[in-house]
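Undergrad: Supplied structure: my_file_34.cif, mmCIF, C-alpha atoms.
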```cif
data_structure
loop_
_atom_site.label_atom_id
_atom_site.label_comp_id
_atom_site.auth_asym_id
_atom_site.auth_seq_id
_atom_site.Cartn_x
_atom_site.Cartn_y
_atom_site.Cartn_z
CA MET A 25 35.80 -65.59 38.22
CA GLU A 26 38.98 -67.27 39.51
CA GLY A 27 41.61 -67.91 36.82
CA GLY A 28 39.87 -65.70 34.30
CA SER A 29 38.21 -62.38 33.72
CA LEU A 30 34.83 -61.27 32.49
CA GLU A 31 34.94 -58.37 30.04
CA LEU A 32 31.86 -56.62 28.74
CA GLY A 33 31.67 -54.16 25.89
CA ILE A 34 29.02 -51.70 24.77
CA TRP A 35 27.80 -54.25 22.22
CA ASP A 36 26.80 -56.53 25.14
CA LEU A 37 24.25 -53.99 26.36
CA PRO A 38 20.55 -54.33 25.47
CA ASP A 39 19.52 -52.65 22.22
CA ASP A 40 17.42 -50.01 23.96
CA CYS A 41 20.40 -48.99 26.11
CA ILE A 42 22.62 -48.64 23.05
CA SER A 43 19.91 -46.60 21.33
CA HIS A 44 19.68 -44.31 24.35
CA ILE A 45 23.45 -43.75 24.26
CA PHE A 46 23.35 -42.89 20.56
CA SER A 47 20.46 -40.48 21.12
CA LEU A 48 22.74 -38.43 23.40
CA THR A 49 25.21 -37.80 20.57
CA SER A 50 24.43 -36.00 17.30
CA PRO A 51 22.94 -36.96 13.92
CA ARG A 52 26.43 -37.10 12.41
CA GLU A 53 27.76 -39.38 15.16
CA ALA A 54 24.70 -41.64 15.03
CA CYS A 55 25.24 -42.16 11.29
CA ARG A 56 28.89 -42.97 11.90
CA CYS A 57 27.98 -45.51 14.59
CA SER A 58 25.60 -47.28 12.22
CA ALA A 59 28.59 -48.25 10.06
CA VAL A 60 30.34 -50.12 12.90
CA SER A 61 28.24 -53.29 12.97
CA SER A 62 24.78 -54.63 12.17
CA ALA A 63 23.84 -54.40 15.87
CA PHE A 64 24.95 -50.78 16.02
CA ARG A 65 23.12 -50.02 12.78
CA SER A 66 19.88 -51.40 14.15
CA ALA A 67 20.23 -49.28 17.30
CA ALA A 68 21.44 -46.12 15.53
CA GLU A 69 18.56 -46.17 13.03
CA SER A 70 15.83 -46.79 15.58
CA ASP A 71 13.01 -44.29 16.09
CA ALA A 72 14.10 -43.86 19.70
CA VAL A 73 17.33 -42.22 18.50
CA TRP A 74 15.93 -39.99 15.78
CA GLU A 75 12.99 -38.83 17.86
CA ARG A 76 15.57 -37.05 20.04
CA PHE A 77 17.04 -35.29 17.00
CA LEU A 78 13.68 -34.11 15.65
CA PRO A 79 11.93 -31.03 17.06
CA PRO A 80 9.36 -31.91 19.75
CA ASN A 81 6.55 -30.57 17.56
CA TRP A 82 7.71 -32.22 14.33
CA GLU A 83 4.32 -33.83 13.73
CA ASP A 84 2.58 -30.47 13.97
CA ILE A 85 5.17 -28.91 11.62
CA ILE A 86 4.69 -31.65 9.03
CA SER A 87 0.91 -31.45 9.28
CA LYS A 88 1.08 -27.79 8.21
CA SER A 89 3.24 -28.49 5.17
CA SER A 90 1.72 -27.52 1.82
CA SER A 91 2.75 -30.91 0.39
CA PRO A 92 2.39 -34.33 2.08
CA VAL A 93 5.46 -35.82 3.76
CA GLU A 94 5.65 -39.60 3.53
CA PHE A 95 8.12 -41.53 5.66
CA SER A 96 8.99 -45.06 6.75
CA SER A 97 10.97 -44.10 9.86
CA LEU A 98 11.82 -41.06 11.97
CA LYS A 99 15.29 -41.06 10.44
CA ALA A 100 13.60 -40.64 7.06
CA VAL A 101 11.60 -37.70 8.47
CA TYR A 102 14.79 -36.08 9.72
CA PHE A 103 16.60 -36.25 6.40
CA HIS A 104 13.49 -35.20 4.50
CA LEU A 105 13.39 -32.00 6.56
CA CYS A 106 17.11 -31.49 5.90
CA ASP A 107 16.99 -32.01 2.14
CA TYR A 108 13.49 -30.79 1.27
CA PRO A 109 12.45 -27.63 3.16
CA ILE A 110 8.70 -27.43 3.72
CA LEU A 111 6.54 -24.34 3.44
CA VAL A 112 4.95 -23.01 6.65
CA ASP A 113 3.12 -19.86 7.77
CA GLN A 114 0.74 -19.99 4.79
CA GLY A 115 3.63 -20.41 2.39
CA LYS A 116 5.45 -17.27 3.53
CA LYS A 117 8.36 -19.13 5.15
CA SER A 118 10.19 -22.39 4.60
CA PHE A 119 11.38 -24.63 7.43
CA ALA A 120 14.30 -27.06 7.39
CA LEU A 121 16.74 -28.76 9.73
CA ASP A 122 20.49 -28.30 9.67
CA LYS A 123 21.84 -31.73 8.71
CA GLU A 124 24.89 -31.53 10.96
CA SER A 125 23.19 -30.42 14.17
CA GLY A 126 19.44 -30.78 13.71
CA LYS A 127 18.95 -27.08 14.54
CA PHE A 128 16.19 -25.05 12.92
CA CYS A 129 16.63 -23.17 9.65
CA TYR A 130 14.14 -20.76 8.10
CA MET A 131 13.87 -18.81 4.88
CA LEU A 132 11.66 -15.74 4.66
CA GLY A 133 9.91 -15.58 1.29
CA PRO A 134 9.21 -12.32 -0.57
CA GLU A 135 5.70 -12.15 0.94
CA ASP A 136 7.27 -12.11 4.41
CA MET A 137 9.66 -9.23 3.69
CA SER A 138 9.45 -5.49 3.13
CA ILE A 139 10.90 -4.65 -0.28
CA ARG A 140 11.19 -1.09 -1.59
CA TRP A 141 12.80 0.08 -4.78
CA LEU A 142 12.93 3.11 -7.07
CA HIS A 143 13.54 3.50 -10.76
CA ILE A 144 15.01 6.67 -12.17
CA PRO A 145 15.03 6.74 -16.01
CA CYS A 146 18.50 7.00 -17.51
CA VAL A 147 19.76 8.17 -20.90
CA TRP A 148 21.33 5.24 -22.77
CA ASN A 149 24.14 5.63 -25.29
CA GLY A 150 23.34 2.40 -27.11
CA LYS A 151 26.49 0.57 -25.99
CA LEU A 152 24.71 -1.62 -23.46
CA PRO A 153 21.50 -3.63 -23.96
CA MET A 154 18.41 -2.49 -22.11
CA PRO A 155 17.62 -4.42 -18.89
CA TYR A 156 14.39 -5.92 -20.20
CA ALA A 157 16.40 -7.88 -22.80
CA TYR A 158 17.41 -10.30 -20.06
CA GLU A 159 14.72 -12.81 -19.17
CA TYR A 160 14.26 -14.75 -15.95
CA ASP A 161 16.41 -17.89 -15.81
CA LYS A 162 13.85 -20.70 -16.10
CA THR A 163 16.27 -23.22 -14.55
CA LEU A 164 16.05 -21.47 -11.17
CA LYS A 165 13.72 -23.26 -8.76
CA SER A 166 12.28 -21.33 -5.84
CA ARG A 167 10.98 -22.82 -2.61
CA PHE A 168 8.06 -20.45 -2.83
CA SER A 169 5.17 -20.14 -5.25
CA GLU A 170 7.08 -17.78 -7.50
CA VAL A 171 10.32 -15.86 -7.84
CA HIS A 172 10.15 -12.16 -6.95
CA HIS A 173 11.53 -10.06 -9.82
CA VAL A 174 13.08 -6.70 -8.98
CA ASN A 175 13.43 -5.03 -12.38
CA ASP A 176 15.01 -1.80 -13.59
CA VAL A 177 16.14 -0.80 -10.10
CA THR A 178 18.15 2.31 -9.27
CA TRP A 179 17.71 2.08 -5.49
CA LEU A 180 16.81 -0.96 -3.37
CA GLN A 181 15.96 -1.65 0.28
CA ILE A 182 14.99 -5.01 1.84
CA HIS A 183 13.93 -5.78 5.43
CA GLY A 184 12.97 -9.10 6.99
CA ARG A 185 12.02 -10.08 10.55
CA ILE A 186 11.67 -13.37 12.42
CA GLN A 187 10.78 -14.20 16.01
CA MET A 188 13.71 -15.53 18.01
CA GLN A 189 11.50 -18.16 19.65
CA LEU A 190 11.14 -19.92 16.30
CA LEU A 191 14.88 -20.61 16.22
CA SER A 192 17.02 -23.07 18.17
CA PRO A 193 18.20 -21.64 21.52
CA ASN A 194 21.85 -21.07 22.45
CA THR A 195 22.82 -20.94 18.79
CA THR A 196 24.75 -18.45 16.68
CA TYR A 197 22.88 -17.81 13.44
CA ALA A 198 23.86 -16.14 10.18
CA ALA A 199 21.45 -14.51 7.73
CA TYR A 200 21.88 -14.58 3.96
CA LEU A 201 20.11 -12.83 1.09
CA VAL A 202 19.37 -15.46 -1.60
CA TYR A 203 19.11 -14.02 -5.11
CA ALA A 204 20.10 -14.28 -8.77
CA PRO A 205 21.65 -11.15 -10.31
CA ARG A 206 20.45 -9.81 -13.63
CA PRO A 207 20.96 -8.41 -16.16
CA VAL A 208 24.46 -9.74 -16.85
CA GLY A 209 26.90 -7.01 -17.80
CA PHE A 210 25.61 -4.30 -15.48
CA LYS A 211 27.52 -3.27 -12.41
CA TYR A 212 25.88 -3.50 -9.02
CA PRO A 213 26.38 -0.83 -6.38
CA LEU A 214 27.75 -1.21 -2.89
CA PHE A 215 25.14 -2.25 -0.33
CA LYS A 216 24.90 -2.04 3.44
CA VAL A 217 23.74 -4.98 5.53
CA SER A 218 22.94 -5.23 9.23
CA VAL A 219 21.22 -7.29 11.90
CA ARG A 220 19.41 -5.68 14.82
CA PHE A 221 16.90 -6.67 17.48
CA ALA A 222 13.40 -5.47 18.26
CA CYS A 223 11.34 -6.15 21.38
CA ASN A 224 7.56 -5.54 21.22
CA GLY A 225 8.08 -3.73 17.93
CA VAL A 226 10.69 -1.31 19.34
CA GLU A 227 14.05 -1.50 17.55
CA ASN A 228 17.19 -1.86 19.63
CA ARG A 229 20.21 -0.51 17.76
CA VAL A 230 22.60 -1.13 20.66
CA GLY A 231 25.42 -3.31 19.36
CA GLU A 232 24.17 -3.08 15.77
CA VAL A 233 26.95 -3.43 13.23
CA SER A 234 26.51 -2.37 9.60
CA ASP A 235 28.76 -4.13 7.12
CA GLU A 236 29.23 -3.64 3.40
CA ALA A 237 28.30 -6.16 0.73
CA TYR A 238 28.76 -6.72 -2.98
CA LEU A 239 26.39 -8.99 -4.89
CA LEU A 240 28.98 -10.33 -7.33
CA PRO A 241 32.16 -12.24 -6.41
CA GLU A 242 34.40 -10.30 -8.82
CA MET A 243 33.41 -7.08 -7.05
CA SER A 244 34.84 -8.30 -3.77
CA THR A 245 37.74 -6.51 -2.13
CA PRO A 246 40.23 -7.51 0.58
CA LYS A 247 38.75 -4.82 2.80
CA GLU A 248 37.69 -6.26 6.15
CA GLY A 249 33.96 -6.29 6.80
CA VAL A 250 32.97 -6.45 3.13
CA TYR A 251 30.86 -9.50 2.25
CA ARG A 252 30.67 -10.81 -1.30
CA GLY A 253 28.11 -12.95 -3.04
CA TRP A 254 28.91 -16.54 -3.91
CA ASP A 255 27.27 -19.41 -5.73
CA ARG A 256 25.04 -21.94 -3.98
CA SER A 257 24.54 -25.56 -5.01
CA ASP A 258 20.95 -24.79 -6.08
CA LYS A 259 22.10 -22.32 -8.80
CA TRP A 260 21.14 -19.29 -6.72
CA MET A 261 23.62 -16.91 -5.11
CA GLU A 262 23.78 -15.65 -1.55
CA VAL A 263 25.46 -12.85 0.34
CA LYS A 264 25.84 -12.67 4.09
CA MET A 265 23.85 -10.05 5.95
CA GLY A 266 25.22 -10.59 9.46
CA GLU A 267 25.19 -12.82 12.54
CA PHE A 268 23.36 -12.94 15.85
CA PHE A 269 23.16 -15.15 18.92
CA ASN A 270 19.84 -16.62 19.99
CA GLY A 271 19.76 -17.20 23.75
CA GLU A 272 17.21 -19.04 25.85
CA ASP A 273 15.27 -16.02 27.12
CA ASP A 274 14.63 -14.13 23.87
CA VAL A 275 11.04 -15.29 23.35
CA GLU A 276 9.68 -11.74 23.02
CA VAL A 277 12.45 -10.56 20.72
CA GLU A 278 12.54 -10.34 16.94
CA VAL A 279 15.65 -10.09 14.80
CA GLU A 280 15.52 -7.77 11.80
CA MET A 281 17.83 -8.23 8.82
CA CYS A 282 18.40 -5.20 6.61
CA PHE A 283 19.87 -4.78 3.13
CA TRP A 284 19.97 -1.35 1.52
CA GLU A 285 21.74 0.72 -1.08
CA VAL A 286 23.89 3.63 0.04
CA ARG A 287 24.88 5.44 -3.17
CA GLU A 288 23.63 8.86 -4.15
CA PHE A 289 21.16 9.32 -7.00
CA ALA A 290 23.41 11.67 -8.96
CA PHE A 291 24.89 8.84 -11.02
CA VAL A 292 22.91 5.64 -11.41
CA TYR A 293 22.67 2.57 -13.65
CA PRO A 294 19.57 0.39 -13.67
CA TYR A 295 20.05 -3.20 -12.53
CA GLY A 296 17.81 -6.05 -11.49
CA LEU A 297 17.75 -9.32 -9.60
CA ASP A 298 15.54 -12.31 -8.93
CA LEU A 299 14.92 -12.60 -5.20
CA GLN A 300 14.11 -15.87 -3.44
CA GLY A 301 14.32 -14.75 0.19
CA ILE A 302 16.40 -14.36 3.34
CA GLU A 303 17.77 -17.60 4.80
CA ILE A 304 18.54 -17.86 8.53
CA ARG A 305 20.67 -20.88 9.42
CA PRO A 306 23.21 -21.86 12.11
CA LYS A 307 26.61 -20.34 11.49
CA ASP A 308 29.02 -22.66 9.73
CA LYS A 309 32.08 -22.84 11.98
CA ARG A 310 34.26 -23.61 8.99
CA THR A 311 33.65 -20.19 7.41
CA LYS A 312 33.58 -16.60 8.65
#
```
Using the file provided, produce a representation of the structure as structure tokens.

TA:
Amino acid sequence: MEGGSLELGIWDLPDDCISHIFSLTSPREACRCSAVSSAFRSAAESDAVWERFLPPNWEDIISKSSSPVEFSSLKAVYFHLCDYPILVDQGKKSFALDKESGKFCYMLGPEDMSIRWLHIPCVWNGKLPMPYAYEYDKTLKSRFSEVHHVNDVTWLQIHGRIQMQLLSPNTTYAAYLVYAPRPVGFKYPLFKVSVRFACNGVENRVGEVSDEAYLLPEMSTPKEGVYRGWDRSDKWMEVKMGEFFNGEDDVEVEVEMCFWEVREFAFVYPYGLDLQGIEIRPKDKRTK
């Protein structure tokens, strides 16, 4: 136009075009865009955007949930799956979405793990209360039907496995043991943790790294490779078990997470813990 200019901005595009642009970003960016203007909010909250952030089989996942999921929009579905993990696999696992990225998160419940422990009776001198004096903390809420109590333990071993195809591809995951220590006042031993792969049931120990872990924060040391337990927002505690990368071609591969005690039986103290499960979630880039 002679004597003038015609300038167009993104807000001049049709709503469906703006929605398509937002769907190519991330859940975090879409929420930020919704705060720019009413037009952007309408586009950023549309089902066309949030359908891209949800798993392709989200309807099938929700249909298998043990409790009904009610929603008014696909954005509501997304945040429901982020904030309220649903039980799948006959209640043996829980499924959730990572709020930042929309990637898959799972927790293996006690029924989906192999748990072994031993109890060796000890002679008590009367200075410490017996373990059974400490009851289960009723304020703890588990995702699963019940909390698994591991009582009067003098040796403990936990294994959990999950198929790589259930997880988001091209993603680095971290695994965490979720628990509540008890009884208070007893020391916990040093544990070993590791992550390894198995294909068609055959373990592959190539590249396996075993790290050390303490269940309580005050038992942590500056030694490299030693994980320590820390508090979660849901009143449970967690300790890292290791990391692994899930590629695109690992459909026949399982990842096994291991947690076991390494001390000798010559000198033992009974301890116990309440176990919720093993959580597998995308690695937080802000932490190690």

Undergrad: Point out the residue among A:Pro80, A:Pro306, A:Leu239, A:Ser91 with the least atom-to-atom distance to Phe268 of chain A, counting only C-alpha atoms.

TA: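 So, comparing all the options, the nearest one is A:Pro306.
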
Undergrad: For the file shown, report as a tab-separated table (two decimals) with C-alpha atoms, in the frame of the given file the outcome of the PyMOL selection byres ((chain A and resi 126-141) around 9) at residue level.

TA:
```
chain	number	residue	atom	x	y	z
A	50	SER	CA	24.43	-36.00	17.30
A	51	PRO	CA	22.94	-36.96	13.92
A	77	PHE	CA	17.04	-35.29	17.00
A	78	LEU	CA	13.68	-34.11	15.65
A	79	PRO	CA	11.93	-31.03	17.06
A	102	TYR	CA	14.79	-36.08	9.72
A	106	CYS	CA	17.11	-31.49	5.90
A	109	PRO	CA	12.45	-27.63	3.16
A	115	GLY	CA	3.63	-20.41	2.39
A	116	LYS	CA	5.45	-17.27	3.53
A	117	LYS	CA	8.36	-19.13	5.15
A	118	SER	CA	10.19	-22.39	4.60
A	119	PHE	CA	11.38	-24.63	7.43
A	120	ALA	CA	14.30	-27.06	7.39
A	121	LEU	CA	16.74	-28.76	9.73
A	122	ASP	CA	20.49	-28.30	9.67
A	123	LYS	CA	21.84	-31.73	8.71
A	124	GLU	CA	24.89	-31.53	10.96
A	125	SER	CA	23.19	-30.42	14.17
A	142	LEU	CA	12.93	3.11	-7.07
A	143	HIS	CA	13.54	3.50	-10.76
A	167	ARG	CA	10.98	-22.82	-2.61
A	168	PHE	CA	8.06	-20.45	-2.83
A	171	VAL	CA	10.32	-15.86	-7.84
A	172	HIS	CA	10.15	-12.16	-6.95
A	174	VAL	CA	13.08	-6.70	-8.98
A	177	VAL	CA	16.14	-0.80	-10.10
A	178	THR	CA	18.15	2.31	-9.27
A	179	TRP	CA	17.71	2.08	-5.49
A	180	LEU	CA	16.81	-0.96	-3.37
A	181	GLN	CA	15.96	-1.65	0.28
A	182	ILE	CA	14.99	-5.01	1.84
A	183	HIS	CA	13.93	-5.78	5.43
A	184	GLY	CA	12.97	-9.10	6.99
A	185	ARG	CA	12.02	-10.08	10.55
A	186	ILE	CA	11.67	-13.37	12.42
A	190	LEU	CA	11.14	-19.92	16.30
A	191	LEU	CA	14.88	-20.61	16.22
A	192	SER	CA	17.02	-23.07	18.17
A	193	PRO	CA	18.20	-21.64	21.52
A	195	THR	CA	22.82	-20.94	18.79
A	299	LEU	CA	14.92	-12.60	-5.20
A	300	GLN	CA	14.11	-15.87	-3.44
A	301	GLY	CA	14.32	-14.75	0.19
A	302	ILE	CA	16.40	-14.36	3.34
A	303	GLU	CA	17.77	-17.60	4.80
A	304	ILE	CA	18.54	-17.86	8.53
A	305	ARG	CA	20.67	-20.88	9.42
A	306	PRO	CA	23.21	-21.86	12.11
```

Undergrad: List as a list in words the protein and nucleic acid residues near Phe64 of chain A, meaning an atom at most 12 Å away when all atoms listed in the file are counted, but skip any in the same chain fewer than 3 places from it.

TA: Ile34, Trp35, Asp36, Leu37, Pro38, Asp39, Asp40, Cys41, Ile42, Ser43, His44, Ile45, Phe46, Glu53, Ala54, Cys55, Arg56, Cys57, Ser58, Ala59, Val60, Ser61, Ala67, Ala68, Glu69, Ser70 and Val73 of chain A

Undergrad: Output the residue selection produced by the PyMOL selection byres ((chain A and resi 270-279) around 7) on the file above, formatted as a short mmCIF file (atom, residue, chain, number, x, y, z; two decimals) with C-alpha atoms, keeping the file's coordinate frame.

TA:
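Okay, selection_5.cif is ready:
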```cif
data_model
loop_
_atom_site.label_atom_id
_atom_site.label_comp_id
_atom_site.auth_asym_id
_atom_site.auth_seq_id
_atom_site.Cartn_x
_atom_site.Cartn_y
_atom_site.Cartn_z
CA ARG A 185 12.02 -10.08 10.55
CA ILE A 186 11.67 -13.37 12.42
CA GLN A 187 10.78 -14.20 16.01
CA MET A 188 13.71 -15.53 18.01
CA GLN A 189 11.50 -18.16 19.65
CA PRO A 193 18.20 -21.64 21.52
CA ASN A 194 21.85 -21.07 22.45
CA THR A 195 22.82 -20.94 18.79
CA THR A 196 24.75 -18.45 16.68
CA VAL A 219 21.22 -7.29 11.90
CA ARG A 220 19.41 -5.68 14.82
CA PHE A 221 16.90 -6.67 17.48
CA ALA A 222 13.40 -5.47 18.26
CA CYS A 223 11.34 -6.15 21.38
CA ASN A 224 7.56 -5.54 21.22
CA PHE A 268 23.36 -12.94 15.85
CA PHE A 269 23.16 -15.15 18.92
CA GLU A 280 15.52 -7.77 11.80
CA MET A 281 17.83 -8.23 8.82
#
```

Undergrad: First collect every listed atom of segment 200-203 of chain A; then fit an axis-aligned box around them, widen it by 3 Å on each side, and give centre and edge lengths in Å to one decimal, as JSON.

TA:
```
{"center_x": 20.5, "center_y": -14.1, "center_z": -0.6, "size_x": 8.8, "size_y": 8.6, "size_z": 15.1}
```

Undergrad: Identify all residues satisfying the PyMOL selection byres ((chain A and resi 99) around 7) in the given file; provide them as a PDB file with C-alpha atoms, in the coordinates of the input.

TA:
```
ATOM      1  CA  GLU A  69      18.560 -46.170  13.030  1.00  0.00           C
ATOM      2  CA  ASP A  71      13.010 -44.290  16.090  1.00  0.00           C
ATOM      3  CA  TRP A  74      15.930 -39.990  15.780  1.00  0.00           C
ATOM      4  CA  SER A  97      10.970 -44.100   9.860  1.00  0.00           C
ATOM      5  CA  LEU A  98      11.820 -41.060  11.970  1.00  0.00           C
ATOM      6  CA  ALA A 100      13.600 -40.640   7.060  1.00  0.00           C
ATOM      7  CA  VAL A 101      11.600 -37.700   8.470  1.00  0.00           C
ATOM      8  CA  TYR A 102      14.790 -36.080   9.720  1.00  0.00           C
ATOM      9  CA  PHE A 103      16.600 -36.250   6.400  1.00  0.00           C
TER      10      PHE A 103
END
```

Undergrad: So what do you get for atom CA of Tyr108 of chain A versus atom CA of Ser166 of chain A, distance-wise?

TA: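 Distance reported for this atom pair: 11.9 Å.
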